[in-house]
file work-v5.cif (mmCIF, C-alpha atoms)
data_final
loop_
_atom_site.label_atom_id
_atom_site.label_comp_id
_atom_site.auth_asym_id
_atom_site.auth_seq_id
_atom_site.Cartn_x
_atom_site.Cartn_y
_atom_site.Cartn_z
CA MET Z 2 78.94 -8.90 76.59
CA VAL Z 3 78.72 -11.51 79.34
CA VAL Z 4 78.55 -10.14 82.87
CA LYS Z 5 81.18 -11.66 85.13
CA THR Z 6 79.80 -13.96 87.80
CA LYS Z 7 80.92 -11.72 90.66
CA ASN Z 8 79.35 -8.63 89.10
CA ALA Z 9 76.15 -10.55 88.32
CA GLN Z 10 75.85 -11.75 91.91
CA ALA Z 11 76.44 -8.24 93.23
CA ALA Z 12 73.85 -6.80 90.84
CA ALA Z 13 71.30 -9.44 91.82
CA ALA Z 14 71.92 -8.77 95.51
CA ALA Z 15 71.54 -5.01 95.03
CA THR Z 16 68.33 -5.50 93.08
CA SER Z 17 66.98 -7.82 95.77
CA VAL Z 18 67.63 -5.21 98.47
CA ALA Z 19 66.10 -2.45 96.33
CA ALA Z 20 63.02 -4.51 95.50
CA GLN Z 21 62.13 -4.84 99.18
CA ARG Z 22 61.28 -1.13 99.15
CA TRP Z 23 58.96 -1.28 96.12
CA PRO Z 24 55.75 -2.49 97.86
CA HIS Z 25 56.18 0.32 100.41
CA LEU Z 26 56.69 2.84 97.59
CA LEU Z 27 53.58 1.54 95.84
CA ASN Z 28 51.54 2.00 99.02
CA GLN Z 29 53.06 5.47 99.45
CA THR Z 30 52.12 6.41 95.89
CA ILE Z 31 48.55 5.22 96.29
CA ASP Z 32 48.17 6.90 99.69
CA THR Z 33 49.50 10.20 98.32
CA VAL Z 34 47.05 10.21 95.42
CA LEU Z 35 44.06 9.00 97.44
CA ALA Z 36 44.82 10.96 100.64
CA PRO Z 37 43.22 14.27 99.55
CA HIS Z 38 40.04 12.42 98.68
CA PRO Z 39 37.56 11.70 101.51
CA ALA Z 40 36.45 8.35 100.13
CA ARG Z 41 34.91 5.58 102.21
CA PRO Z 42 37.46 3.12 103.66
CA GLU Z 43 36.19 0.23 101.53
CA THR Z 44 36.41 2.39 98.40
CA ARG Z 45 39.99 3.32 99.20
CA ALA Z 46 40.84 -0.33 99.88
CA THR Z 47 39.37 -1.47 96.56
CA ALA Z 48 41.19 1.31 94.68
CA ARG Z 49 44.46 0.23 96.29
CA GLN Z 50 43.88 -3.41 95.30
CA VAL Z 51 42.91 -2.53 91.73
CA ILE Z 52 45.99 -0.32 91.21
CA SER Z 53 48.22 -3.08 92.57
CA ALA Z 54 46.53 -5.65 90.29
CA LEU Z 55 47.10 -3.51 87.17
CA LEU Z 56 50.87 -4.11 87.18
CA PRO Z 57 51.16 -7.94 86.95
CA PRO Z 58 51.39 -9.38 83.40
CA LEU Z 59 47.84 -10.69 83.19
CA THR Z 60 46.71 -12.03 79.83
CA ARG Z 61 43.96 -9.41 79.79
CA LYS Z 62 43.12 -6.65 82.25
CA ASN Z 63 39.48 -5.98 82.99
CA CYS Z 64 37.20 -5.97 86.04
CA TRP Z 65 37.07 -9.77 86.18
CA THR Z 66 40.79 -10.51 85.89
CA LEU Z 67 41.78 -7.70 88.26
CA ALA Z 68 39.26 -8.86 90.86
CA GLU Z 69 40.43 -12.47 90.65
CA HIS Z 70 44.07 -11.44 90.97
CA ALA Z 71 43.25 -9.17 93.93
CA GLY Z 72 41.52 -12.02 95.74
CA HIS Z 73 37.95 -10.75 95.44
CA PRO Z 74 35.19 -13.39 95.19
CA SER Z 75 33.58 -11.62 92.21
CA PRO Z 76 34.11 -8.52 90.02
CA TYR Z 77 31.32 -6.55 91.68
CA ARG Z 78 33.56 -4.50 94.00
CA THR Z 79 35.73 -3.42 91.08
CA GLN Z 80 32.70 -2.61 88.96
CA HIS Z 81 31.21 -0.57 91.81
CA LEU Z 82 34.47 1.37 92.20
CA LEU Z 83 34.53 2.28 88.52
CA ALA Z 84 30.84 3.09 88.08
CA ARG Z 85 29.15 4.13 91.32
CA ALA Z 86 31.51 4.64 94.27
CA GLY Z 87 31.90 8.14 95.68
CA LEU Z 88 35.05 9.46 94.01
CA ASP Z 89 35.98 12.89 92.69
CA GLU Z 90 37.94 12.33 89.46
CA ASN Z 91 39.10 15.96 89.35
CA ALA Z 92 40.56 15.72 92.86
CA LEU Z 93 42.30 12.45 91.99
CA THR Z 94 43.75 13.95 88.81
CA ALA Z 95 45.06 16.97 90.73
CA ALA Z 96 46.62 14.70 93.36
CA LEU Z 97 48.27 12.55 90.69
CA ARG Z 98 49.62 15.62 88.92
CA GLY Z 99 51.01 17.00 92.18
CA TYR Z 100 52.65 13.68 93.04
CA VAL Z 101 54.38 13.38 89.65
CA ILE Z 102 55.58 16.99 89.77
CA GLU Z 103 56.99 16.48 93.26
CA GLN Z 104 58.78 13.25 92.31
CA LEU Z 105 60.12 14.22 88.87
CA GLY Z 106 60.93 17.82 89.78
CA THR Z 107 60.34 21.14 88.07
CA HIS Z 108 63.66 21.52 86.24
CA ASP Z 109 63.50 21.55 82.43
CA VAL Z 110 59.85 20.52 82.19
CA VAL Z 111 58.23 19.81 78.82
CA LEU Z 112 54.50 19.17 78.74
CA VAL Z 113 53.64 16.91 75.79
CA VAL Z 114 50.10 16.66 74.43
CA ASP Z 115 48.99 13.84 72.19
CA GLU Z 116 46.02 11.58 71.57
CA THR Z 117 45.75 7.83 71.36
CA GLY Z 118 43.01 5.51 70.19
CA HIS Z 119 41.36 2.54 71.88
CA ILE Z 120 40.01 0.12 69.28
CA LYS Z 121 36.49 -1.04 70.20
CA GLN Z 122 33.67 -3.15 68.83
CA GLY Z 123 30.06 -1.99 68.72
CA ILE Z 124 28.62 1.49 69.15
CA ASN Z 125 27.60 1.78 72.81
CA THR Z 126 30.93 2.48 74.54
CA VAL Z 127 31.19 6.19 75.32
CA GLY Z 128 32.90 8.17 72.56
CA VAL Z 129 33.18 5.26 70.13
CA ALA Z 130 32.85 6.23 66.46
CA ARG Z 131 34.46 5.68 63.10
CA GLN Z 132 37.35 8.12 63.35
CA TYR Z 133 41.04 8.44 62.61
CA THR Z 134 43.46 7.15 65.20
CA GLY Z 135 47.22 7.40 65.15
CA THR Z 136 47.35 4.00 66.90
CA THR Z 137 46.81 2.28 63.54
CA GLY Z 138 47.21 5.27 61.21
CA GLN Z 139 43.75 4.87 59.71
CA VAL Z 140 40.02 5.27 60.40
CA GLU Z 141 38.80 2.72 62.95
CA ASN Z 142 35.85 2.11 65.22
CA CYS Z 143 37.49 3.47 68.35
CA GLN Z 144 37.61 5.86 71.26
CA VAL Z 145 40.08 8.74 71.07
CA ALA Z 146 41.45 10.45 74.16
CA VAL Z 147 43.89 13.33 74.61
CA TYR Z 148 46.58 12.93 77.28
CA LEU Z 149 49.14 15.20 78.88
CA ALA Z 150 52.59 13.79 79.65
CA TYR Z 151 54.83 15.48 82.21
CA THR Z 152 58.45 15.05 81.17
CA THR Z 153 61.81 16.02 82.63
CA PRO Z 154 65.29 14.76 81.75
CA ALA Z 155 64.88 12.31 84.62
CA GLY Z 156 61.61 10.65 83.59
CA HIS Z 157 58.05 11.02 82.39
CA ALA Z 158 54.49 10.02 83.28
CA LEU Z 159 50.91 10.73 82.18
CA VAL Z 160 49.23 13.28 84.45
CA ASP Z 161 45.94 14.26 82.81
CA HIS Z 162 43.44 13.01 80.24
CA ARG Z 163 40.34 14.03 78.33
CA LEU Z 164 38.01 11.77 76.37
CA TYR Z 165 37.18 13.17 72.92
CA PRO Z 166 33.49 12.63 72.09
CA PRO Z 167 33.00 13.35 68.36
CA LEU Z 168 30.07 15.31 66.97
CA SER Z 169 28.12 12.09 66.35
CA TRP Z 170 27.94 11.84 70.14
CA THR Z 171 27.62 15.45 71.26
CA ASP Z 172 24.75 16.02 68.82
CA ASP Z 173 22.79 13.09 70.29
CA LEU Z 174 21.55 14.02 73.79
CA ALA Z 175 19.85 10.67 74.39
CA ARG Z 176 23.07 8.84 73.61
CA LEU Z 177 25.07 11.13 75.92
CA HIS Z 178 22.68 10.62 78.83
CA LYS Z 179 22.68 6.85 78.37
CA ALA Z 180 26.49 6.82 78.62
CA GLY Z 181 26.44 9.09 81.67
CA VAL Z 182 28.14 12.04 79.97
CA PRO Z 183 27.57 15.18 82.11
CA ASP Z 184 25.65 18.08 80.61
CA THR Z 185 28.71 20.33 80.98
CA ALA Z 186 30.80 18.14 78.66
CA GLY Z 187 29.93 19.64 75.30
CA PHE Z 188 31.89 19.25 72.11
CA ALA Z 189 35.51 20.40 72.27
CA THR Z 190 38.27 19.98 69.72
CA LYS Z 191 41.43 18.11 70.62
CA PRO Z 192 43.48 21.35 70.86
CA GLU Z 193 40.81 22.80 73.17
CA LEU Z 194 41.05 19.72 75.40
CA ALA Z 195 44.84 20.04 75.36
CA GLY Z 196 44.54 23.69 76.38
CA GLN Z 197 42.43 22.74 79.40
CA MET Z 198 45.05 20.28 80.64
CA ILE Z 199 47.95 22.66 79.99
CA ALA Z 200 46.17 25.42 81.91
CA ALA Z 201 45.79 23.14 84.94
CA ALA Z 202 49.47 22.13 84.82
CA LEU Z 203 50.63 25.75 84.51
CA GLU Z 204 49.41 26.46 88.02
CA HIS Z 205 52.37 24.36 89.21
CA VAL Z 206 55.00 24.73 86.46
CA PRO Z 207 54.50 28.18 84.89
CA HIS Z 208 57.79 28.08 82.97
CA ALA Z 209 57.33 24.72 81.26
CA TRP Z 210 57.66 24.21 77.51
CA VAL Z 211 54.98 22.53 75.41
CA ALA Z 212 55.44 20.01 72.60
CA GLY Z 213 52.87 18.43 70.33
CA ASP Z 214 52.26 17.02 66.90
CA GLU Z 215 50.56 18.60 63.89
CA VAL Z 216 47.04 18.36 65.36
CA TYR Z 217 48.04 20.91 68.00
CA GLY Z 218 50.73 22.82 66.14
CA ARG Z 219 48.35 23.84 63.36
CA ASN Z 220 45.81 25.30 65.79
CA PRO Z 221 46.38 29.09 65.96
CA ASP Z 222 44.21 29.51 69.06
CA LEU Z 223 46.30 27.09 71.11
CA ARG Z 224 49.53 28.70 69.94
CA ALA Z 225 48.17 32.17 70.75
CA TYR Z 226 47.15 31.02 74.23
CA LEU Z 227 50.63 29.66 74.93
CA GLU Z 228 52.26 32.84 73.66
CA GLN Z 229 49.97 34.95 75.83
CA ARG Z 230 51.04 32.91 78.85
CA GLY Z 231 54.70 33.31 77.91
CA MET Z 232 55.19 29.58 77.35
CA GLY Z 233 57.73 28.31 74.87
CA TYR Z 234 56.58 25.63 72.48
CA VAL Z 235 57.80 23.38 69.68
CA MET Z 236 54.87 21.88 67.79
CA GLU Z 237 54.76 20.18 64.43
CA MET Z 238 53.27 21.87 61.39
CA SER Z 239 52.24 20.71 57.93
CA ALA Z 240 54.71 20.77 55.05
CA THR Z 241 52.10 22.71 53.06
CA ASP Z 242 51.67 25.52 55.61
CA ARG Z 243 52.65 28.81 54.01
CA LEU Z 244 54.84 31.66 55.25
CA THR Z 245 55.20 35.20 53.96
CA THR Z 246 58.68 35.77 52.51
CA PRO Z 247 60.35 38.44 50.34
CA ARG Z 248 59.59 36.12 47.42
CA GLY Z 249 55.91 35.97 48.38
CA PRO Z 250 53.97 33.24 50.21
CA LEU Z 251 55.82 29.93 50.15
CA ALA Z 252 55.08 26.50 51.63
CA VAL Z 253 57.59 25.51 54.29
CA LYS Z 254 58.58 22.48 52.23
CA GLU Z 255 59.68 24.91 49.50
CA LEU Z 256 61.68 26.91 52.04
CA ALA Z 257 63.51 23.75 53.10
CA VAL Z 258 64.91 23.45 49.58
CA LEU Z 259 66.29 27.00 49.81
CA VAL Z 260 68.27 26.38 53.02
CA PRO Z 261 71.98 26.47 52.11
CA HIS Z 262 74.26 23.58 52.98
CA GLN Z 263 75.88 25.53 55.83
CA GLY Z 264 72.44 26.28 57.26
CA TRP Z 265 72.01 22.67 58.41
CA GLN Z 266 73.44 21.54 61.74
CA LYS Z 267 73.72 18.02 63.08
CA ARG Z 268 72.08 17.66 66.48
CA SER Z 269 70.79 14.78 68.60
CA ALA Z 270 67.08 14.73 69.48
CA GLY Z 271 67.92 12.56 72.49
CA ALA Z 272 68.94 9.00 73.16
CA GLY Z 273 66.75 6.19 71.84
CA SER Z 274 66.89 2.43 72.24
CA LYS Z 275 69.51 2.25 69.46
CA GLY Z 276 71.62 5.23 70.51
CA GLU Z 277 71.54 8.96 69.89
CA ARG Z 278 68.90 10.10 67.37
CA PHE Z 279 70.87 12.41 65.09
CA TYR Z 280 69.15 14.61 62.49
CA ASP Z 281 70.05 17.67 60.47
CA TRP Z 282 68.30 20.82 61.69
CA ALA Z 283 67.77 24.32 60.33
CA LEU Z 284 66.01 27.45 61.62
CA ILE Z 285 64.17 29.92 59.41
CA ASP Z 286 61.76 32.85 59.73
CA ASP Z 287 63.13 34.55 62.85
CA VAL Z 288 60.29 36.93 63.86
CA VAL Z 289 60.41 39.10 67.00
CA ASP Z 290 57.47 41.03 68.51
CA GLU Z 291 56.28 42.15 71.93
CA ARG Z 292 55.47 38.57 72.98
CA GLY Z 293 58.74 36.89 72.02
CA VAL Z 294 60.52 35.15 69.17
CA ARG Z 295 59.06 32.78 66.56
CA TRP Z 296 60.86 30.37 64.27
CA VAL Z 297 60.18 27.56 61.88
CA LEU Z 298 62.37 24.58 62.75
CA ILE Z 299 63.16 22.01 60.06
CA ARG Z 300 64.31 18.48 60.83
CA ARG Z 301 65.84 16.35 58.09
CA ASN Z 302 66.45 12.61 58.33
CA ARG Z 303 70.12 12.00 57.67
CA THR Z 304 69.41 8.73 55.83
CA THR Z 305 66.22 9.30 53.85
CA GLY Z 306 66.25 13.09 53.65
CA GLU Z 307 62.61 13.17 54.81
CA PRO Z 308 61.81 16.55 56.40
CA ALA Z 309 59.55 17.55 59.30
CA PHE Z 310 58.56 21.09 60.25
CA PHE Z 311 57.81 22.77 63.59
CA HIS Z 312 56.29 26.00 64.83
CA CYS Z 313 58.54 27.35 67.59
CA PHE Z 314 58.10 30.17 70.07
CA ALA Z 315 60.01 31.42 73.11
CA PRO Z 316 59.51 34.57 75.18
CA ALA Z 317 63.23 35.29 74.73
CA PRO Z 318 65.86 34.13 72.21
CA VAL Z 319 67.09 30.56 72.75
CA SER Z 320 69.61 28.36 70.99
CA LEU Z 321 68.96 25.79 68.28
CA SER Z 322 70.03 23.09 70.72
CA ARG Z 323 67.28 24.11 73.13
CA LEU Z 324 64.56 23.90 70.47
CA VAL Z 325 65.91 20.55 69.29
CA ALA Z 326 65.85 19.21 72.86
CA VAL Z 327 62.18 20.19 73.26
CA ALA Z 328 61.28 18.67 69.88
CA GLY Z 329 63.03 15.44 70.87
CA ARG Z 330 61.12 15.25 74.15
CA ARG Z 331 57.84 14.75 72.25
CA TRP Z 332 58.67 11.05 71.81
CA ARG Z 333 58.26 10.57 75.54
CA VAL Z 334 54.49 10.61 75.23
CA GLU Z 335 54.69 7.70 72.77
CA GLU Z 336 56.73 5.77 75.33
CA SER Z 337 54.14 6.64 77.96
CA PHE Z 338 51.33 5.29 75.76
CA GLN Z 339 53.27 2.14 74.97
CA GLN Z 340 54.10 1.44 78.60
CA GLY Z 341 50.70 2.55 79.91
CA LYS Z 342 49.04 0.07 77.57
CA GLY Z 343 51.61 -2.71 77.82
CA LEU Z 344 52.21 -2.51 81.58
CA ALA Z 345 48.90 -1.39 83.02
CA GLY Z 346 46.20 -2.04 80.42
CA LEU Z 347 45.35 1.55 79.48
CA ASP Z 348 43.47 0.33 76.40
CA GLU Z 349 42.11 -2.95 77.79
CA HIS Z 350 39.14 -1.64 79.76
CA GLN Z 351 35.73 -3.14 79.12
CA VAL Z 352 33.67 -0.24 80.46
CA ARG Z 353 31.06 1.75 78.57
CA THR Z 354 30.17 4.85 80.58
CA TRP Z 355 31.82 8.24 80.99
CA THR Z 356 32.57 7.81 84.69
CA SER Z 357 33.94 4.29 84.37
CA TRP Z 358 36.25 5.27 81.51
CA HIS Z 359 37.72 8.22 83.41
CA ARG Z 360 38.24 6.20 86.57
CA TRP Z 361 39.87 3.31 84.75
CA SER Z 362 42.29 5.65 82.97
CA LEU Z 363 43.09 7.44 86.23
CA LEU Z 364 43.91 4.21 88.07
CA VAL Z 365 46.13 3.12 85.17
CA MET Z 366 47.96 6.46 85.24
CA VAL Z 367 48.57 6.06 88.98
CA ALA Z 368 50.01 2.57 88.46
CA TYR Z 369 52.24 3.80 85.64
CA ALA Z 370 53.37 6.83 87.68
CA PHE Z 371 54.49 4.49 90.46
CA VAL Z 372 56.66 2.46 88.06
CA ALA Z 373 58.15 5.64 86.55
CA VAL Z 374 58.98 7.08 89.97
CA CYS Z 375 60.35 3.72 91.16
CA ARG Z 376 62.66 3.58 88.13
CA LEU Z 377 63.92 7.12 88.80
CA ARG Z 378 64.68 6.35 92.44
CA GLU Z 379 66.59 3.22 91.55
CA LEU Z 380 68.63 5.07 88.92
CA CYS Z 381 69.56 7.71 91.48
CA ALA Z 382 70.39 5.20 94.20
CA HIS Z 383 72.10 2.53 92.06
CA PRO Z 384 73.83 3.61 88.83
CA PRO Z 385 73.91 0.85 86.20
CA VAL Z 386 76.49 -1.90 86.70
CA ALA Z 387 78.96 -2.50 83.87
CA GLY Z 388 77.45 -5.01 81.46
CA LEU Z 389 73.84 -4.41 82.56
CA VAL Z 390 71.30 -1.84 81.44
CA ALA Z 391 69.56 0.11 84.18
CA LEU Z 392 66.32 -1.19 85.60
CA THR Z 393 63.46 -0.35 83.24
CA CYS Z 394 59.77 0.16 83.98
CA ASN Z 395 59.01 -3.20 82.40
CA GLU Z 396 61.63 -4.99 84.50
CA ILE Z 397 60.41 -3.39 87.73
CA ALA Z 398 56.83 -4.49 87.02
CA ARG Z 399 58.05 -7.99 86.14
CA LEU Z 400 60.04 -8.28 89.38
CA MET Z 401 57.15 -6.93 91.44
CA HIS Z 402 55.00 -9.76 90.10
CA ALA Z 403 57.66 -12.43 90.50
CA LEU Z 404 58.73 -11.46 94.02
CA PHE Z 405 55.55 -10.25 95.71
CA THR Z 406 52.57 -11.99 94.11
CA VAL Z 407 50.15 -13.33 96.71
CA GLU Z 408 48.73 -16.74 95.83
CA HIS Z 409 45.07 -17.05 96.80
CA GLY Z 410 44.97 -20.83 96.77
CA ARG Z 411 43.14 -23.66 95.14
CA GLU Z 412 39.70 -22.84 96.57
CA HIS Z 413 39.84 -19.29 95.22
CA ALA Z 414 40.66 -20.54 91.70
CA LEU Z 415 37.86 -23.12 91.81
CA ALA Z 416 35.35 -20.56 93.13
CA TRP Z 417 36.17 -18.24 90.23
CA SER Z 418 35.70 -21.08 87.76
CA VAL Z 419 32.21 -21.66 89.16
CA PHE Z 420 31.43 -17.94 89.09
CA ARG Z 421 32.49 -17.56 85.45
CA ARG Z 422 30.45 -20.56 84.32
CA SER Z 423 27.32 -19.50 86.22
CA HIS Z 424 27.60 -15.97 84.82
CA GLN Z 425 27.95 -17.36 81.31
CA VAL Z 426 24.71 -19.33 81.78
CA ARG Z 427 22.86 -16.15 82.78
CA ALA Z 428 24.37 -14.21 79.88
CA MET Z 429 23.39 -16.91 77.40
CA GLY Z 430 19.84 -16.90 78.74
CA CYS Z 431 19.60 -13.12 78.32
CA HIS Z 432 20.89 -13.33 74.74
CA TRP Z 433 18.43 -16.10 73.84
CA ARG Z 434 15.45 -14.22 75.32
CA ARG Z 435 16.45 -11.01 73.55
CA ARG Z 436 16.81 -12.81 70.24
CA ALA Z 437 13.51 -14.64 70.67
CA ALA Z 438 11.73 -11.38 71.48
CA SER Z 439 13.10 -9.75 68.32
CA GLN Z 440 11.79 -12.53 66.06
CA PRO Z 441 8.44 -11.90 64.29
#
call {"tool": "encode", "arguments": {"input": "work-v5.cif", "output": "structure tokens"}}
result
Amino acid sequence: MVVKTKNAQAAAAATSVAAQRWPHLLNQTIDTVLAPHPARPETRATARQVISALLPPLTRKNCWTLAEHAGHPSPYRTQHLLARAGLDENALTAALRGYVIEQLGTHDVVLVVDETGHIKQGINTVGVARQYTGTTGQVENCQVAVYLAYTTPAGHALVDHRLYPPLSWTDDLARLHKAGVPDTAGFATKPELAGQMIAAALEHVPHAWVAGDEVYGRNPDLRAYLEQRGMGYVMEMSATDRLTTPRGPLAVKELAVLVPHQGWQKRSAGAGSKGERFYDWALIDDVVDERGVRWVLIRRNRTTGEPAFFHCFAPAPVSLSRLVAVAGRRWRVEESFQQGKGLAGLDEHQVRTWTSWHRWSLLVMVAYAFVAVCRLRELCAHPPVAGLVALTCNEIARLMHALFTVEHGREHALAWSVFRRSHQVRAMGCHWRRRAASQP
């Protein structure tokens, strides 16, 4: 469909007016998150500049490229912010969580837990090991971190994170100390890390639902904790998990075969990029006790017939449509990972220590939260024009760069060229001396 010239001009004019507010909203977002933290003025200024520099479409996002884009003469201010500046990561996380909750609201909240991998080379970056990552679907040399996404029908953003150090790290005290891992950060499973983040979020949204994949759904301790707190959940389970039935113990994949034709109902798991995501759904194993109601939810692909299975719980009976809606919300965390990495460089850091990793991830989450909130405000203020999709997070970030980028001039570019080349000379000298010293 071709947008008529008059409509296109009106849409462009409306977008131009709206975009004038975005730098102010970005400053407001950063001030809100940093305000509770009594950091030094120069630390706050550097944090503001780094968050702003995370959004432009730089070829690669690391301390050097962010510093050059921000107008710094070298990367040292950014490196100091990430490694040594006086910042309380817990206070920043709490402020970010509060900001997202305030902006996205507390109606129909689903907290989604999931992990993502950051592919790395070498063995010295904190948490790096040969381990499975869903990013590639196989064992890689990578970091793995667990994140919590806050989702409502209006939008979603990442609000908390935990790095997962595997046993190969937690069993090696010298390695932990070298990477700056605090003594209190012992080994914890991914479901245990998820439980920590959920507990913190529950202080603000006690009636939220929880969604997660099989890693979390198969953990009985996490499910028991949620049930004890009266939280509804829809979390994936394995097809081989067994249930007690009048016929004896059966795997849930065997129960799916026994569901009669009339037991399946067509429902949408929410709108995707290609339209509504329709599946066939069935509920089995309705169990009621003093805590609430438990089900097993089965999802069947309408084209391939491939099934998926979910543990479900609610403190009171709810409809199939409600459980389906919660299950469908789990995809939001995948969108958050995709946009956090694509827009703000969540996985592009080149830092090695515990503190630097947590601060980098926090600053990225703040930048992404700004774009998510900006998108929501524009949708509320300006419904989509016929023939145009609504402003997306990607489009907002692109326009921010195109309309408000500050050019630092020819001398700045030349000075950075000199800095890079001089640093490369020093690095080469260090490598040569190290290699010469290792030779017999």
call {"tool": "resolve_selection", "arguments": {"input": "work-v5.cif", "expression": "the PyMOL selection byres ((chain Z and resi 347) around 10)", "output": "list in words"}}
result
Leu55, Lys62, His119, Phe338, Gln339, Gln340, Gly341, Lys342, Gly343, Leu344, Ala345, Gly346, Asp348, Glu349, His350, Trp361, Ser362, Leu363, Leu364, Val365, Met366 and Tyr369 of chain Z
call {"tool": "resolve_selection", "arguments": {"input": "work-v5.cif", "expression": "the PyMOL selection byres ((chain Z and resi 146-161) around 6)", "output": "count of residues only"}}
result
17
call {"tool": "axis_aligned_box", "arguments": {"input": "work-v5.cif", "around": "stretch 216-221 of chain Z", "padding_each_side": "3 Å", "output": "AutoDock Vina command-line options"}}
result
--center_x 48.3 --center_y 23.7 --center_z 65.7 --size_x 10.9 --size_y 16.7 --size_z 10.6
call {"tool": "residues_around", "arguments": {"input": "work-v5.cif", "residues": "Z:Pro42", "least_positions_apart": "5", "cutoff": "12 Å", "atoms": "only C-alpha atoms", "output": "PyMOL selection string"}}
result
chain Z and resi 35-36+47-49+82+86-88
call {"tool": "closest_residue", "arguments": {"input": "work-v5.cif", "among": "Z:His70, Z:Arg176, Z:Arg292, Z:Lys121", "to": "Z:His413", "atoms": "all atoms listed in the file"}}
result
Z:His70
call {"tool": "resolve_selection", "arguments": {"input": "work-v5.cif", "expression": "the PyMOL selection byres ((chain Z and resi 187) around 12)", "output": "list of chain:residue names"}}
result
Z:Leu164, Z:Tyr165, Z:Pro166, Z:Pro167, Z:Leu168, Z:Ser169, Z:Trp170, Z:Thr171, Z:Asp172, Z:Asp173, Z:Leu174, Z:Leu177, Z:Val182, Z:Pro183, Z:Asp184, Z:Thr185, Z:Ala186, Z:Phe188, Z:Ala189, Z:Thr190, Z:Glu193, Z:Leu194
call {"tool": "atom_distance", "arguments": {"input": "work-v5.cif", "atom1": "atom CA of Z:Cys64", "atom2": "atom CA of Z:Arg411"}}
result
20.8 Å
call {"tool": "decode", "arguments": {"input": "work-v5.cif", "residues": "stretch 150-198 of chain Z", "atoms": "C-alpha atoms", "output": "PDB file, in the first residue's frame"}}
result
ATOM      1  CA  ALA Z 150      11.556  -8.949  31.698  1.00  0.00           C
ATOM      2  CA  TYR Z 151       8.659  -6.834  32.949  1.00  0.00           C
ATOM      3  CA  THR Z 152       5.769  -7.113  30.503  1.00  0.00           C
ATOM      4  CA  THR Z 153       2.305  -5.607  30.232  1.00  0.00           C
ATOM      5  CA  PRO Z 154      -0.057  -5.470  27.250  1.00  0.00           C
ATOM      6  CA  ALA Z 155       1.382  -2.016  26.568  1.00  0.00           C
ATOM      7  CA  GLY Z 156       5.082  -2.881  26.405  1.00  0.00           C
ATOM      8  CA  HIS Z 157       8.050  -4.647  27.935  1.00  0.00           C
ATOM      9  CA  ALA Z 158      11.593  -4.003  29.155  1.00  0.00           C
ATOM     10  CA  LEU Z 159      14.409  -5.792  30.996  1.00  0.00           C
ATOM     11  CA  VAL Z 160      14.498  -4.825  34.679  1.00  0.00           C
ATOM     12  CA  ASP Z 161      16.954  -7.174  36.396  1.00  0.00           C
ATOM     13  CA  HIS Z 162      19.859  -9.483  35.619  1.00  0.00           C
ATOM     14  CA  ARG Z 163      22.137 -12.071  37.188  1.00  0.00           C
ATOM     15  CA  LEU Z 164      25.368 -13.441  35.747  1.00  0.00           C
ATOM     16  CA  TYR Z 165      25.561 -17.237  35.964  1.00  0.00           C
ATOM     17  CA  PRO Z 166      29.076 -18.368  36.966  1.00  0.00           C
ATOM     18  CA  PRO Z 167      29.313 -22.141  36.374  1.00  0.00           C
ATOM     19  CA  LEU Z 168      30.963 -24.545  38.802  1.00  0.00           C
ATOM     20  CA  SER Z 169      34.266 -24.290  36.925  1.00  0.00           C
ATOM     21  CA  TRP Z 170      34.372 -20.719  38.237  1.00  0.00           C
ATOM     22  CA  THR Z 171      32.812 -20.986  41.683  1.00  0.00           C
ATOM     23  CA  ASP Z 172      35.142 -23.872  42.578  1.00  0.00           C
ATOM     24  CA  ASP Z 173      38.225 -21.774  41.723  1.00  0.00           C
ATOM     25  CA  LEU Z 174      38.679 -19.041  44.358  1.00  0.00           C
ATOM     26  CA  ALA Z 175      41.778 -17.567  42.714  1.00  0.00           C
ATOM     27  CA  ARG Z 176      39.923 -17.180  39.441  1.00  0.00           C
ATOM     28  CA  LEU Z 177      36.948 -15.551  41.191  1.00  0.00           C
ATOM     29  CA  HIS Z 178      39.135 -13.032  43.007  1.00  0.00           C
ATOM     30  CA  LYS Z 179      41.013 -12.140  39.828  1.00  0.00           C
ATOM     31  CA  ALA Z 180      37.708 -11.338  38.097  1.00  0.00           C
ATOM     32  CA  GLY Z 181      36.494  -9.308  41.077  1.00  0.00           C
ATOM     33  CA  VAL Z 182      33.642 -11.658  41.986  1.00  0.00           C
ATOM     34  CA  PRO Z 183      32.486 -10.856  45.553  1.00  0.00           C
ATOM     35  CA  ASP Z 184      32.791 -13.537  48.217  1.00  0.00           C
ATOM     36  CA  THR Z 185      29.014 -13.518  48.700  1.00  0.00           C
ATOM     37  CA  ALA Z 186      28.382 -14.598  45.094  1.00  0.00           C
ATOM     38  CA  GLY Z 187      28.560 -18.363  45.445  1.00  0.00           C
ATOM     39  CA  PHE Z 188      27.198 -20.886  43.009  1.00  0.00           C
ATOM     40  CA  ALA Z 189      23.473 -20.608  42.275  1.00  0.00           C
ATOM     41  CA  THR Z 190      21.400 -22.411  39.679  1.00  0.00           C
ATOM     42  CA  LYS Z 191      19.544 -20.463  37.030  1.00  0.00           C
ATOM     43  CA  PRO Z 192      16.154 -21.065  38.735  1.00  0.00           C
ATOM     44  CA  GLU Z 193      17.648 -19.820  42.020  1.00  0.00           C
ATOM     45  CA  LEU Z 194      18.852 -16.656  40.285  1.00  0.00           C
ATOM     46  CA  ALA Z 195      15.404 -16.247  38.735  1.00  0.00           C
ATOM     47  CA  GLY Z 196      13.811 -16.613  42.171  1.00  0.00           C
ATOM     48  CA  GLN Z 197      15.980 -13.800  43.543  1.00  0.00           C
ATOM     49  CA  MET Z 198      14.858 -11.407  40.810  1.00  0.00           C
TER      50      MET Z 198
END
